[in-house]
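Undergrad: Below is the file upload03.cif, which contains mmCIF, C-alpha atoms.
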data_input
#
loop_
_atom_site.label_atom_id
_atom_site.label_comp_id
_atom_site.auth_asym_id
_atom_site.auth_seq_id
_atom_site.Cartn_x
_atom_site.Cartn_y
_atom_site.Cartn_z
CA MET D 1 79.60 120.35 111.44
CA LYS D 2 82.79 118.57 112.37
CA GLU D 3 84.38 119.56 109.07
CA THR D 4 84.23 123.28 109.84
CA ILE D 5 85.75 122.64 113.28
CA PHE D 6 88.64 120.68 111.73
CA GLY D 7 89.10 123.39 109.12
CA THR D 8 89.12 126.10 111.79
CA ILE D 9 91.74 124.17 113.78
CA ALA D 10 93.78 123.85 110.56
CA PHE D 11 93.86 127.64 110.17
CA ILE D 12 94.83 128.04 113.83
CA LEU D 13 97.77 125.70 113.16
CA PHE D 14 98.73 127.80 110.11
CA VAL D 15 98.73 130.94 112.26
CA VAL D 16 100.85 129.35 115.01
CA TYR D 17 103.29 128.12 112.36
CA ASP D 18 103.58 131.62 110.88
CA LEU D 19 103.95 133.24 114.31
CA GLU D 20 106.83 130.89 115.10
CA GLN D 21 108.45 131.77 111.76
CA ALA D 22 108.12 135.46 112.64
CA GLY D 23 109.66 134.91 116.07
CA ALA D 24 106.48 135.56 118.04
CA VAL D 25 106.47 132.00 119.43
CA SER D 26 109.52 130.71 121.26
CA HIS D 27 111.91 128.81 119.02
CA ARG D 28 112.04 126.15 121.76
CA PHE D 29 108.89 124.82 120.13
CA HIS D 30 110.39 124.74 116.61
CA LYS D 31 110.52 120.93 116.54
CA ILE D 32 106.76 120.90 117.03
CA THR D 33 105.74 123.98 115.05
CA LYS D 34 107.65 123.05 111.89
CA PHE D 35 105.04 120.35 111.24
CA LEU D 36 101.99 122.51 111.91
CA PHE D 37 101.55 123.71 108.33
CA THR D 38 101.60 120.13 107.05
CA ILE D 39 99.24 118.92 109.77
CA GLY D 40 96.87 121.83 109.11
CA SER D 41 96.92 121.14 105.36
CA LEU D 42 96.08 117.48 105.94
CA MET D 43 93.25 118.45 108.30
CA LEU D 44 91.83 120.84 105.69
CA VAL D 45 92.02 118.20 102.96
CA GLY D 46 90.46 115.61 105.27
CA ALA D 47 87.61 117.94 106.23
CA THR D 48 86.91 118.70 102.57
CA VAL D 49 86.99 115.06 101.46
CA HIS D 50 84.79 114.03 104.39
CA LEU D 51 82.17 116.67 103.62
CA LEU D 52 82.18 115.75 99.92
CA TRP D 53 81.67 112.11 100.91
CA LYS D 54 78.80 113.04 103.23
CA SER D 55 77.26 115.17 100.48
CA ASN D 56 76.61 112.02 98.44
CA ILE D 57 78.45 113.38 95.42
CA PHE D 58 78.30 109.98 93.75
CA VAL D 59 74.51 110.14 93.44
CA THR D 60 74.56 113.60 91.89
CA ASP D 61 73.16 113.96 88.38
CA TRP D 62 76.33 114.59 86.39
CA THR D 63 74.93 117.31 84.16
CA GLY D 64 77.01 119.61 82.02
CA ASN D 65 76.86 122.30 84.73
CA VAL D 66 78.22 119.91 87.38
CA ILE D 67 81.05 118.81 85.11
CA LEU D 68 81.88 122.41 84.16
CA ALA D 69 81.95 123.50 87.83
CA LEU D 70 84.20 120.53 88.67
CA LEU D 71 86.54 121.39 85.80
CA PHE D 72 86.84 124.94 87.15
CA ALA D 73 87.37 123.52 90.67
CA ALA D 74 90.18 121.33 89.29
CA VAL D 75 91.81 124.33 87.59
CA PHE D 76 91.65 126.35 90.81
CA LEU D 77 93.07 123.40 92.79
CA VAL D 78 95.99 123.02 90.37
CA LEU D 79 96.67 126.77 90.57
CA LEU D 80 96.53 126.61 94.39
CA ILE D 81 98.92 123.66 94.63
CA TYR D 82 101.29 125.25 92.11
CA THR D 83 101.23 128.59 93.94
CA LEU D 84 101.80 127.14 97.40
CA PHE D 85 104.31 124.41 96.61
CA PHE D 86 105.95 124.96 93.22
CA ALA D 87 105.89 128.67 92.28
CA LEU D 88 108.81 129.60 94.53
CA PRO D 89 112.27 128.48 93.40
CA PHE D 90 113.41 126.35 96.35
CA GLU D 91 117.17 127.05 96.19
CA GLU D 92 116.77 130.80 95.68
CA THR D 93 114.03 131.16 98.29
CA TYR D 94 115.09 128.87 101.12
CA VAL D 95 118.76 127.96 100.79
CA ALA D 96 120.90 130.55 99.03
CA GLN D 97 120.16 133.58 101.17
CA GLU D 98 120.79 134.52 104.76
CA ALA D 99 117.98 137.09 105.01
CA HIS D 100 114.69 135.90 103.56
CA LYS D 101 113.63 138.02 100.62
CA THR D 102 110.36 138.07 98.77
CA TYR D 103 109.91 136.46 95.39
CA ASP D 104 108.10 138.82 93.03
CA LYS D 105 107.88 136.82 89.82
CA LYS D 106 105.25 134.64 88.16
CA MET D 107 102.31 134.08 90.53
CA TYR D 108 103.82 136.37 93.16
CA ALA D 109 103.94 139.24 90.66
CA PHE D 110 100.20 138.73 89.99
CA CYS D 111 99.29 139.65 93.59
CA ARG D 112 100.81 139.13 97.04
CA HIS D 113 98.42 136.33 98.03
CA PRO D 114 97.24 134.59 94.84
CA GLY D 115 96.49 131.41 96.78
CA VAL D 116 93.50 133.14 98.39
CA LEU D 117 91.88 133.60 94.98
CA TRP D 118 92.50 129.99 93.92
CA PHE D 119 91.39 128.65 97.33
CA ALA D 120 88.06 130.51 97.24
CA GLY D 121 87.56 129.59 93.59
CA PHE D 122 88.08 125.91 94.36
CA TYR D 123 85.64 125.79 97.28
CA PHE D 124 82.92 127.86 95.61
CA CYS D 125 83.17 125.74 92.46
CA LEU D 126 82.67 122.61 94.59
CA TRP D 127 79.57 124.24 96.01
CA LEU D 128 78.34 125.19 92.51
CA ALA D 129 78.87 121.60 91.40
CA PHE D 130 76.98 119.91 94.22
CA GLY D 131 74.86 122.73 95.62
CA THR D 132 74.62 121.57 99.22
CA LYS D 133 74.21 124.03 102.09
CA PRO D 134 77.11 122.46 104.09
CA LEU D 135 79.41 123.02 101.08
CA LEU D 136 78.32 126.66 100.90
CA VAL D 137 78.99 127.08 104.63
CA MET D 138 82.40 125.42 104.24
CA ALA D 139 83.32 127.52 101.19
CA SER D 140 82.29 130.75 102.92
CA TRP D 141 83.83 129.98 106.32
CA PHE D 142 87.13 128.61 104.99
CA SER D 143 87.47 131.53 102.55
CA LEU D 144 86.83 134.02 105.36
CA LEU D 145 89.41 132.28 107.57
CA ASN D 146 91.91 132.28 104.71
CA PHE D 147 91.30 135.99 104.10
CA CYS D 148 91.90 136.77 107.80
CA TYR D 149 95.01 134.58 107.72
CA VAL D 150 96.59 136.50 104.83
CA ILE D 151 95.76 139.82 106.47
CA LEU D 152 97.77 138.62 109.48
CA GLN D 153 100.57 137.55 107.15
CA ASP D 154 100.51 140.83 105.26
CA LEU D 155 100.44 143.10 108.30
CA TYR D 156 102.46 141.16 110.85
CA THR D 157 104.29 137.93 110.01
CA PHE D 158 105.64 138.55 106.51
CA PRO D 159 107.19 141.95 107.34
CA LYS D 160 109.08 140.14 110.13
CA VAL D 161 110.07 137.12 108.02
CA PHE D 162 111.00 138.89 104.75
CA SER D 163 113.53 141.71 104.92
CA ASP D 164 112.12 143.48 101.83
CA TYR D 165 108.39 142.90 102.37
CA VAL D 166 107.57 146.62 102.73
CA ASP D 167 109.04 147.25 99.26
CA TYR D 168 107.26 144.20 97.86
CA LYS D 169 103.94 145.61 99.15
CA LYS D 170 104.59 148.79 97.16
CA ARG D 171 105.23 146.86 93.93
CA VAL D 172 102.58 144.15 94.04
CA PRO D 173 98.86 144.50 94.86
CA PHE D 174 97.40 142.70 97.89
CA LEU D 175 94.69 140.46 96.34
CA ILE D 176 93.22 142.12 93.28
CA PRO D 177 95.72 142.18 90.42
CA ASN D 178 96.03 145.27 88.25
CA GLY D 179 97.19 145.68 84.67
CA LYS D 180 100.81 146.24 85.67
CA SER D 181 100.94 143.19 87.96
CA MET D 182 99.27 140.94 85.36
CA LYS D 183 101.79 142.08 82.73
CA ARG D 184 104.73 141.44 85.07
CA CYS D 185 103.29 138.02 85.91
CA MET D 186 103.04 137.07 82.23
CA ASP D 187 106.46 138.55 81.40
CA THR D 188 108.20 136.59 84.15
CA PHE D 189 106.50 133.36 83.03
CA LYS D 190 107.78 134.03 79.47
CA GLU D 191 111.30 134.77 80.77
CA SER D 192 111.49 131.45 82.56
CA ARG D 193 110.92 129.42 79.38
#
Could you render the structure as structure tokens?
TA:
Amino acid sequence: MKETIFGTIAFILFVVYDLEQAGAVSHRFHKITKFLFTIGSLMLVGATVHLLWKSNIFVTDWTGNVILALLFAAVFLVLLIYTLFFALPFEETYVAQEAHKTYDKKMYAFCRHPGVLWFAGFYFCLWLAFGTKPLLVMASWFSLLNFCYVILQDLYTFPKVFSDYVDYKKRVPFLIPNGKSMKRCMDTFKESR
């Protein structure tokens, strides 16, 4: 399946991007590596759209179960996009500080890598909606790659990029939120209103 190859390459690009951010790849390549996350994201989206197109989703019987699974997929996709691109305050995170510090509010108080949950939820809901074996393979493979990617981030790249990541790891759970992290997540959402 070409889609899984493109998705795998996308995750390789994400890893190279993170390694450059952590200083493990020469900064001479910064002009190239700064675009890798965007290119990888576009490849992942393209692979997903292509597989959905090949899966003949337009001839699916649009039963209540299909619509419900697609509604859940849409919710997970919105959560994923919000978490990756809008949950971090841009000025505070990227501009106003010399040393990069973690952000431990809202989604990033919930768990350290909430995007992994939303990503897997999105792909498995697509599979539930359309039920094709290639979608199940894609959901499983991409979710496994994403899990391996955040382990690399958690153990290697983020401690090098964020000066307070060790303390952040003590305060916020890795993937599975607990009562304390869910309460902090909700409290920080309320504070921002």
Undergrad: With all atoms listed in the file as the counted atoms, please give the residues lying no more than 12 Å from D:Arg184, apart from itself and same-chain residues fewer than 4 positions off, as a PyMOL selection string.
TA: chain D and resi 104-111+171-173+177-180+188-191
Undergrad: What would the selection look like, as a ChimeraX atom specification, if the PyMOL selection byres ((chain D and resi 6-16) around 12) were run on the coordinates I just shared?
TA: /D:1-5,17-27,29-30,32-51,137-153,156-158
Undergrad: At a cut-off of 7 Å, using all atoms listed in the file, what residues contact D:Phe162? Leave out same-chain residues fewer than 5 positions from it and give the result as a PyMOL selection string.
TA: chain D and resi 100-102
Undergrad: Rounded to one decimal, what separation in Å do you get between atom CA of D:Leu77 and atom CA of D:Tyr165?
TA: 26.6 Å
Undergrad: Please determine, counting only C-alpha atoms, which residue among D:Pro114, D:Trp53, D:Leu136, D:Gly64 has the shortest atom-to-atom distance to D:Tyr82.
TA: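 Distance minimum relative to D:Tyr82 lands on D:Pro114.
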Undergrad: Between atom CA of D:Leu80 and atom CA of D:Lys31, what is the distance, to one decimal in Å?
TA: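 For atom CA of D:Leu80 relative to atom CA of D:Lys31, the distance reads 26.8 Å.
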